[in-house]
$ cat target.pdb   # PDB, C-alpha atoms
MODEL        1
ATOM      1  CA  MET T   1     113.265  99.899 112.539  1.00  0.00           C
ATOM      2  CA  GLU T   2     112.592 103.502 111.617  1.00  0.00           C
ATOM      3  CA  ASN T   3     111.803 104.763 108.114  1.00  0.00           C
ATOM      4  CA  GLY T   4     113.112 107.977 106.609  1.00  0.00           C
ATOM      5  CA  THR T   5     114.562 109.837 103.658  1.00  0.00           C
ATOM      6  CA  VAL T   6     118.197 110.683 102.990  1.00  0.00           C
ATOM      7  CA  LYS T   7     118.377 114.483 103.212  1.00  0.00           C
ATOM      8  CA  PHE T   8     122.089 114.785 102.460  1.00  0.00           C
ATOM      9  CA  PHE T   9     124.997 112.380 101.985  1.00  0.00           C
ATOM     10  CA  ASN T  10     128.570 113.279 101.080  1.00  0.00           C
ATOM     11  CA  GLU T  11     130.283 110.188  99.677  1.00  0.00           C
ATOM     12  CA  ALA T  12     133.730 111.812  99.758  1.00  0.00           C
ATOM     13  CA  LYS T  13     133.481 112.589 103.480  1.00  0.00           C
ATOM     14  CA  GLY T  14     131.424 109.502 104.333  1.00  0.00           C
ATOM     15  CA  TYR T  15     128.565 111.046 106.272  1.00  0.00           C
ATOM     16  CA  GLY T  16     125.150 112.657 105.939  1.00  0.00           C
ATOM     17  CA  PHE T  17     121.719 113.060 107.496  1.00  0.00           C
ATOM     18  CA  ILE T  18     118.436 111.147 107.369  1.00  0.00           C
ATOM     19  CA  THR T  19     115.055 112.732 108.125  1.00  0.00           C
ATOM     20  CA  GLU T  20     112.803 110.304 110.016  1.00  0.00           C
ATOM     21  CA  ASP T  21     109.312 110.076 108.464  1.00  0.00           C
ATOM     22  CA  ASN T  22     107.086 110.347 111.550  1.00  0.00           C
ATOM     23  CA  SER T  23     108.923 112.809 113.808  1.00  0.00           C
ATOM     24  CA  LYS T  24     110.761 114.713 111.021  1.00  0.00           C
ATOM     25  CA  LYS T  25     113.862 114.600 113.260  1.00  0.00           C
ATOM     26  CA  GLU T  26     117.225 114.485 111.528  1.00  0.00           C
ATOM     27  CA  TYR T  27     119.782 111.841 112.411  1.00  0.00           C
ATOM     28  CA  PHE T  28     123.477 111.733 111.580  1.00  0.00           C
ATOM     29  CA  VAL T  29     124.599 108.765 109.489  1.00  0.00           C
ATOM     30  CA  HIS T  30     128.210 107.648 108.955  1.00  0.00           C
ATOM     31  CA  VAL T  31     129.382 105.375 106.148  1.00  0.00           C
ATOM     32  CA  SER T  32     130.255 102.748 108.787  1.00  0.00           C
ATOM     33  CA  GLY T  33     126.520 102.487 109.613  1.00  0.00           C
ATOM     34  CA  LEU T  34     125.424 101.658 106.064  1.00  0.00           C
ATOM     35  CA  VAL T  35     124.193  98.300 104.813  1.00  0.00           C
ATOM     36  CA  ASP T  36     123.518  99.632 101.277  1.00  0.00           C
ATOM     37  CA  GLU T  37     124.945 102.584  99.344  1.00  0.00           C
ATOM     38  CA  ILE T  38     122.663 105.589  99.782  1.00  0.00           C
ATOM     39  CA  ARG T  39     122.004 108.773  97.816  1.00  0.00           C
ATOM     40  CA  GLU T  40     120.084 111.947  98.556  1.00  0.00           C
ATOM     41  CA  GLY T  41     116.338 111.314  98.229  1.00  0.00           C
ATOM     42  CA  ASP T  42     116.529 107.546  98.902  1.00  0.00           C
ATOM     43  CA  THR T  43     113.870 106.033 101.157  1.00  0.00           C
ATOM     44  CA  VAL T  44     115.636 104.022 103.846  1.00  0.00           C
ATOM     45  CA  GLU T  45     115.041 102.039 107.006  1.00  0.00           C
ATOM     46  CA  PHE T  46     117.416 102.265 109.942  1.00  0.00           C
ATOM     47  CA  GLU T  47     117.967 101.721 113.635  1.00  0.00           C
ATOM     48  CA  LEU T  48     119.107 104.325 116.141  1.00  0.00           C
ATOM     49  CA  ALA T  49     122.211 104.005 118.306  1.00  0.00           C
ATOM     50  CA  GLU T  50     123.797 106.396 120.773  1.00  0.00           C
ATOM     51  CA  GLY T  51     126.780 108.205 119.275  1.00  0.00           C
ATOM     52  CA  LYS T  52     129.208 110.835 120.535  1.00  0.00           C
ATOM     53  CA  LYS T  53     126.754 113.693 119.910  1.00  0.00           C
ATOM     54  CA  GLY T  54     123.380 111.963 120.274  1.00  0.00           C
ATOM     55  CA  LEU T  55     121.464 109.389 118.299  1.00  0.00           C
ATOM     56  CA  ASN T  56     122.909 108.142 115.009  1.00  0.00           C
ATOM     57  CA  ALA T  57     121.277 106.158 112.229  1.00  0.00           C
ATOM     58  CA  VAL T  58     122.837 102.678 111.896  1.00  0.00           C
ATOM     59  CA  LYS T  59     122.077  99.527 109.893  1.00  0.00           C
ATOM     60  CA  VAL T  60     120.810 101.824 107.118  1.00  0.00           C
ATOM     61  CA  SER T  61     119.344 100.022 104.108  1.00  0.00           C
ATOM     62  CA  VAL T  62     117.430 101.231 101.069  1.00  0.00           C
ATOM     63  CA  ILE T  63     113.779 100.181 100.921  1.00  0.00           C
TER
ENDMDL
END
$ encode --input "target.pdb" --output "structure tokens"
Amino acid sequence: MENGTVKFFNEAKGYGFITEDNSKKEYFVHVSGLVDEIREGDTVEFELAEGKKGLNAVKVSVI
């Protein structure tokens, strides 16, 4: 599991981005990959899975 912070999440559109703590890379997250509801600024843990345009955050849960 990776740890990171929710940089942006648009509830109406159902997607956003998470910044990973160690690498500072940003990963796309879709509402279908959420375990918990998330908001901007939340600290989360997640796994990475290959998506259409690269790695996506999945199994996202608030710590």
$ closest_residue --input "target.pdb" --among "T:His30, T:Leu55, T:Lys25, T:Glu40" --to "Val6 (chain T)" --atoms "all atoms listed in the file"
T:Glu40
$ residues_near_point --input "target.pdb" --point "(122.1, 116.9, 106.9)" --cutoff "9 Å" --atoms "all atoms listed in the file" --output "JSON, numbers by chain"
{"T": [6, 7, 8, 9, 15, 16, 17, 18, 19, 26, 27, 28, 29]}
$ residues_around --input "target.pdb" --residues "Ile63 (chain T)" --least-positions-apart "2" --cutoff "8 Å" --atoms "all atoms listed in the file" --output "MDAnalysis selection string"
chainID T and resid 43:45 61
$ atom_distance --input "target.pdb" --atom1 "CA of Gly41 (chain T)" --atom2 "CA of Gly14 (chain T)"
16.4 Å
$ atom_distance --input "target.pdb" --atom1 "CA of Glu37 (chain T)" --atom2 "CA of Asn56 (chain T)"
16.7 Å
$ atom_distance --input "target.pdb" --atom1 "CA of Met1 (chain T)" --atom2 "CA of Val60 (chain T)"
9.5 Å
$ resolve_selection --input "target.pdb" --expression "the PyMOL selection byres ((chain T and resi 48) around 8)" --output "PyMOL selection string"
chain T and resi 2+46-47+49-50+55-58
$ closest_residue --input "target.pdb" --among "T:Lys59, T:Lys52, T:Val31, T:Lys24" --to "Thr5 (chain T)" --atoms "all atoms listed in the file"
T:Lys24
$ axis_aligned_box --input "target.pdb" --around "region 3-16 of chain T" --padding-each-side "5 Å" --output "AutoDock Vina command-line options"
--center_x 122.8 --center_y 109.8 --center_z 103.9 --size_x 31.9 --size_y 20.0 --size_z 18.4
$ decode --input "target.pdb" --residues "region 46-60 of chain T" --atoms "N, CA and C atoms" --output "mmCIF file, in the first residue's frame"
data_model
loop_
_atom_site.group_PDB
_atom_site.id
_atom_site.type_symbol
_atom_site.label_atom_id
_atom_site.label_comp_id
_atom_site.auth_asym_id
_atom_site.auth_seq_id
_atom_site.Cartn_x
_atom_site.Cartn_y
_atom_site.Cartn_z
ATOM 1 N N PHE T 46 -3.485 3.638 -0.568
ATOM 2 C CA PHE T 46 -4.039 3.147 -1.831
ATOM 3 C C PHE T 46 -3.077 2.168 -2.486
ATOM 4 N N GLU T 47 -3.610 1.447 -3.453
ATOM 5 C CA GLU T 47 -2.800 0.573 -4.298
ATOM 6 C C GLU T 47 -2.791 1.173 -5.696
ATOM 7 N N LEU T 48 -1.845 0.741 -6.510
ATOM 8 C CA LEU T 48 -1.755 1.221 -7.882
ATOM 9 C C LEU T 48 -2.146 0.118 -8.852
ATOM 10 N N ALA T 49 -2.897 0.482 -9.867
ATOM 11 C CA ALA T 49 -3.309 -0.468 -10.908
ATOM 12 C C ALA T 49 -3.191 0.219 -12.259
ATOM 13 N N GLU T 50 -2.847 -0.557 -13.268
ATOM 14 C CA GLU T 50 -2.710 -0.002 -14.615
ATOM 15 C C GLU T 50 -4.076 0.405 -15.152
ATOM 16 N N GLY T 51 -4.161 1.640 -15.631
ATOM 17 C CA GLY T 51 -5.398 2.142 -16.226
ATOM 18 C C GLY T 51 -5.166 2.461 -17.696
ATOM 19 N N LYS T 52 -6.127 3.105 -18.317
ATOM 20 C CA LYS T 52 -6.024 3.433 -19.740
ATOM 21 C C LYS T 52 -4.862 4.365 -20.041
ATOM 22 N N LYS T 53 -4.568 5.278 -19.105
ATOM 23 C CA LYS T 53 -3.524 6.293 -19.353
ATOM 24 C C LYS T 53 -2.412 6.216 -18.312
ATOM 25 N N GLY T 54 -2.119 5.020 -17.812
ATOM 26 C CA GLY T 54 -1.060 4.883 -16.814
ATOM 27 C C GLY T 54 -1.595 4.343 -15.505
ATOM 28 N N LEU T 55 -0.812 4.534 -14.450
ATOM 29 C CA LEU T 55 -1.194 4.009 -13.152
ATOM 30 C C LEU T 55 -2.296 4.832 -12.509
ATOM 31 N N ASN T 56 -3.266 4.130 -11.928
ATOM 32 C CA ASN T 56 -4.371 4.754 -11.196
ATOM 33 C C ASN T 56 -4.353 4.302 -9.750
ATOM 34 N N ALA T 57 -4.810 5.173 -8.864
ATOM 35 C CA ALA T 57 -4.975 4.803 -7.460
ATOM 36 C C ALA T 57 -6.282 4.028 -7.320
ATOM 37 N N VAL T 58 -6.205 2.852 -6.654
ATOM 38 C CA VAL T 58 -7.393 2.031 -6.401
ATOM 39 C C VAL T 58 -7.388 1.588 -4.939
ATOM 40 N N LYS T 59 -8.513 1.056 -4.483
ATOM 41 C CA LYS T 59 -8.652 0.624 -3.090
ATOM 42 C C LYS T 59 -8.236 1.742 -2.151
ATOM 43 N N VAL T 60 -8.722 2.960 -2.438
ATOM 44 C CA VAL T 60 -8.356 4.164 -1.690
ATOM 45 C C VAL T 60 -9.165 4.246 -0.410
#
